[in-house]
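The file query-v5.txt contains compact mmCIF, C-alpha atoms:
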```
# COMPACT_ATOMS: atom_id res chain seq x y z
CA MET A 1 0.00 0.00 0.00
CA SER A 2 1.48 3.37 -0.94
CA PHE A 3 0.99 6.62 0.91
CA ASN A 4 0.04 9.70 -1.10
CA ILE A 5 1.44 12.70 0.76
CA LEU A 6 -0.42 15.05 -1.61
CA ALA A 7 -3.80 13.34 -1.12
CA ASP A 8 -5.13 16.26 0.94
CA GLY A 9 -4.24 18.56 -1.94
CA PHE A 10 -1.45 20.99 -2.57
CA ASN A 11 -2.01 24.34 -4.23
CA ALA A 12 1.26 25.85 -5.47
CA ALA A 13 -0.54 29.17 -5.98
CA SER A 14 -0.66 29.48 -2.18
CA PHE A 15 3.14 29.71 -1.91
CA GLU A 16 5.94 31.79 -3.33
CA PRO A 17 8.43 29.77 -5.39
CA ALA A 18 11.87 29.33 -3.83
CA THR A 19 14.24 32.02 -5.06
CA LYS A 20 17.26 31.37 -2.86
CA SER A 21 20.35 29.98 -4.54
CA TYR A 22 22.24 27.21 -2.82
CA ASP A 23 25.46 27.66 -4.73
CA LEU A 24 28.71 27.21 -2.85
CA ILE A 25 29.54 29.82 -0.24
CA PRO A 26 32.67 31.73 -1.31
CA ASP A 27 35.92 31.30 0.61
CA GLY A 28 35.98 33.69 3.56
CA TRP A 29 35.25 34.36 7.23
CA TYR A 30 31.61 34.25 8.36
CA GLU A 31 29.89 34.95 11.69
CA ALA A 32 28.01 31.83 12.76
CA LEU A 33 26.44 29.76 15.52
CA ILE A 34 26.68 26.03 16.12
CA ILE A 35 23.00 25.12 16.12
CA ASP A 36 23.20 21.32 16.28
CA SER A 37 25.64 18.54 17.08
CA GLU A 38 25.43 14.79 16.64
CA THR A 39 27.80 11.87 17.15
CA LYS A 40 27.77 9.48 14.19
CA PRO A 41 29.67 6.30 13.33
CA THR A 42 32.40 6.56 10.69
CA LYS A 43 31.75 5.07 7.27
CA ALA A 44 34.20 2.23 8.03
CA GLY A 45 32.53 1.60 11.39
CA THR A 46 35.86 1.88 13.23
CA GLY A 47 35.13 5.08 15.13
CA HIS A 48 32.85 8.06 15.57
CA TYR A 49 32.80 11.68 14.51
CA LEU A 50 31.09 14.74 15.89
CA GLN A 51 29.03 16.46 13.21
CA LEU A 52 28.41 20.15 13.85
CA THR A 53 25.77 22.15 12.01
CA LEU A 54 26.69 25.83 11.77
CA GLU A 55 24.37 28.61 10.64
CA ILE A 56 25.75 31.81 9.14
CA THR A 57 24.22 34.73 11.05
CA GLU A 58 25.36 37.82 9.14
CA GLY A 59 25.79 39.08 5.60
CA GLU A 60 24.72 37.89 2.18
CA HIS A 61 24.75 34.21 3.19
CA LYS A 62 22.79 34.68 6.43
CA GLY A 63 20.69 31.62 7.15
CA ARG A 64 22.89 29.20 5.17
CA TYR A 65 24.25 26.06 6.84
CA VAL A 66 27.72 24.54 6.81
CA TRP A 67 28.71 21.23 8.42
CA ASP A 68 31.97 20.29 10.10
CA ARG A 69 32.97 16.77 11.08
CA LEU A 70 35.47 16.12 13.86
CA ASN A 71 36.98 12.62 13.98
CA LEU A 72 37.36 12.46 17.75
CA ASP A 73 37.22 8.63 17.89
CA ASN A 74 39.27 7.16 15.07
CA PRO A 75 42.10 4.64 14.65
CA ASN A 76 43.98 7.32 12.65
CA GLU A 77 45.87 9.30 15.32
CA THR A 78 46.46 12.23 12.96
CA ALA A 79 42.72 12.57 12.30
CA VAL A 80 42.06 12.57 16.05
CA ALA A 81 44.78 15.18 16.69
CA ILE A 82 43.34 17.47 13.99
CA ALA A 83 39.83 17.03 15.44
CA GLN A 84 41.04 17.82 18.97
CA GLU A 85 42.84 20.98 17.75
CA THR A 86 39.70 22.05 15.87
CA LEU A 87 37.50 21.44 18.91
CA ALA A 88 39.97 23.44 21.02
CA SER A 89 39.70 26.32 18.50
CA ILE A 90 35.91 26.23 18.81
CA CYS A 91 36.05 26.12 22.62
CA HIS A 92 38.44 29.07 22.79
CA ALA A 93 36.35 31.02 20.25
CA ILE A 94 33.15 30.66 22.29
CA GLY A 95 34.72 30.76 25.76
CA VAL A 96 33.71 27.26 26.86
CA LEU A 97 37.00 25.55 27.67
CA GLU A 98 35.75 22.37 29.37
CA PRO A 99 32.44 21.31 27.79
CA LYS A 100 30.83 18.19 29.24
CA GLU A 101 28.06 17.97 26.61
CA THR A 102 28.13 19.07 22.96
CA GLU A 103 25.05 21.22 23.59
CA GLU A 104 27.33 23.59 25.54
CA LEU A 105 28.80 24.59 22.15
CA HIS A 106 25.42 25.61 20.74
CA ASP A 107 24.12 29.15 20.16
CA LYS A 108 27.35 30.98 21.00
CA PRO A 109 28.70 33.38 18.36
CA LEU A 110 31.97 32.57 16.61
CA VAL A 111 33.56 33.22 13.25
CA MET A 112 34.34 30.35 10.90
CA ARG A 113 36.50 30.26 7.81
CA VAL A 114 34.66 28.57 4.96
CA GLY A 115 36.62 27.12 2.07
CA VAL A 116 35.76 25.27 -1.10
CA GLN A 117 36.89 21.67 -1.40
CA PRO A 118 37.45 20.66 -5.03
CA ALA A 119 35.46 17.83 -6.60
CA LYS A 120 36.98 14.40 -6.03
CA GLY A 121 35.82 11.14 -7.56
CA GLU A 122 32.05 10.84 -7.30
CA TYR A 123 31.77 13.90 -5.02
CA LYS A 124 31.09 17.42 -6.31
CA GLU A 125 32.96 20.42 -4.95
CA SER A 126 31.66 21.40 -1.54
CA ASN A 127 32.10 23.82 1.33
CA VAL A 128 34.35 22.90 4.25
CA VAL A 129 35.22 24.68 7.48
CA LYS A 130 38.90 25.62 7.58
CA GLY A 131 39.14 27.38 10.92
CA TYR A 132 37.48 29.19 13.81
CA ARG A 133 38.08 32.35 15.80
CA ALA A 134 36.22 34.41 18.38
CA ALA A 135 33.47 36.71 17.18
CA GLU A 136 33.65 40.38 18.01
CA THR A 137 30.93 41.14 20.48
CA LYS A 138 28.60 44.08 19.92
CA THR A 139 30.08 45.77 22.98
CA ALA A 140 33.64 45.19 21.78
CA ARG A 141 32.82 47.01 18.53
CA LYS A 142 31.82 50.17 20.36
CA ALA A 143 34.50 52.63 21.34
CA ALA A 144 35.76 51.89 24.80
CA PRO A 145 34.68 54.51 27.31
CA LYS A 146 37.38 56.96 28.31
CA ALA A 147 38.89 56.21 31.67
CA LYS A 148 38.11 58.73 34.35
CA ALA A 149 41.05 60.42 35.96
CA ALA A 150 41.90 59.06 39.36
CA PRO A 151 40.69 61.31 42.18
CA VAL A 152 43.35 63.58 43.59
CA ALA A 153 43.89 63.33 47.31
CA LEU A 154 43.13 66.60 49.00
CA SER A 155 45.65 67.82 51.53
CA GLU A 156 45.51 70.42 54.19
CA PRO A 157 46.28 73.95 52.96
CA ASP A 158 49.93 74.85 53.13
CA ASP A 159 50.36 78.18 54.92
CA GLU A 160 53.77 78.75 53.32
CA LEU A 161 52.36 79.14 49.78
CA PRO A 162 52.27 82.79 48.61
CA PHE A 163 48.66 82.71 47.45
```
Rewrite the structure from the file as C-alpha cells, please.
Amino acid sequence: MSFNILADGFNAASFEPATKSYDLIPDGWYEALIIDSETKPTKAGTGHYLQLTLEITEGEHKGRYVWDRLNLDNPNETAVAIAQETLASICHAIGVLEPKETEELHDKPLVMRVGVQPAKGEYKESNVVKGYRAAETKTARKAAPKAKAAPVALSEPDDELPF
C-alpha cells in the first residue's frame, strides 16, 4: 500500500516559489552559531565523529548552513589530533573551555573560515570549514569609554604658599 502525501491537496498558488540559490559559499570568514551537534559512526565503522551544524548569522549568506565533522574517535591518530585541535579552537572562540556535553557549544557566536573543497571522484565540490576564531561582540565594537582620571587626594592647605 502506498501513501500519497499530496492526497489532501497541494495548491502551489498558495506559496511563493523558492528564489534562494544554494550555490557554494565563497571562501571567507563568516559569523556563525553552532545550532546542532550529533555523534555518528564513521563510514568504516571503526570510530565516531562529531558532526556540527553551523548557521551563518550575518551578511549575504545569512541563514545558510555549513557542516563540520570532527573525527574524535578514530584509529587514525592524525585525524584525532586534527579534530582535537579544531575542537579546542571552537572552545576558545566561544569561551567554553571544558564542555561536558556538545550542547554547551550551541548558540554561541563565533567566526568560521569557509573554504571550497574541489570535486573528487564521485563527489562534487563542496564547502568545508577551515578554521574558527572568536566573534567580536557588539560591545567590543563600540568605542571603549574613556577612563576617568583618578581622584586627587586633598591635603591640608599649606600656609607657606604665597597665594
Surrounding residues of range 87-104 of chain A excluding itself and chain neighbours under 3 positions, 6 Å, all atoms listed in the file, as a PDB file with C-alpha atoms, keeping the file's coordinate frame:
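Saved result, around_8.pdb, follows:
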```pdb
ATOM      1  CA  GLN A  84      41.040  17.820  18.970  1.00  0.00           C
ATOM      2  CA  LYS A 108      27.350  30.980  21.000  1.00  0.00           C
ATOM      3  CA  LEU A 110      31.970  32.570  16.610  1.00  0.00           C
ATOM      4  CA  TYR A 132      37.480  29.190  13.810  1.00  0.00           C
ATOM      5  CA  ARG A 133      38.080  32.350  15.800  1.00  0.00           C
ATOM      6  CA  ALA A 134      36.220  34.410  18.380  1.00  0.00           C
TER       7      ALA A 134
END
```
Mind listing whatever residues come within 12 Å of the point (43.3, 2.8, 12.3)? Use all atoms listed in the file, file coordinates, and give them as a ChimeraX atom specification.
/A:42,44-47,71,73-80
Considering all atoms listed in the file, can you say which of A:Val128, A:Glu122, A:Glu58, A:Ala32 comes closest to Leu70 in chain A?
A:Val128
Between CA of Gly121 in chain A and CA of Asp68 in chain A, what is the distance, to one decimal in Å?
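Separation of CA of Gly121 in chain A and CA of Asp68 in chain A: 20.3 Å.
As for CA of Ile34 in chain A and CA of Ile56 in chain A, they are spaced 9.1 Å apart.
Computed from the coordinates, the CA of Leu72 in chain A to CA of Lys43 in chain A distance equals 14.0 Å.
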Select, from A:Val129, A:Val114, A:Val66, A:Leu54, the residue with the minimum atom-to-atom distance to Thr86 in chain A, counting all atoms listed in the file.
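For Thr86 in chain A, the nearest of the given residues is A:Val129.
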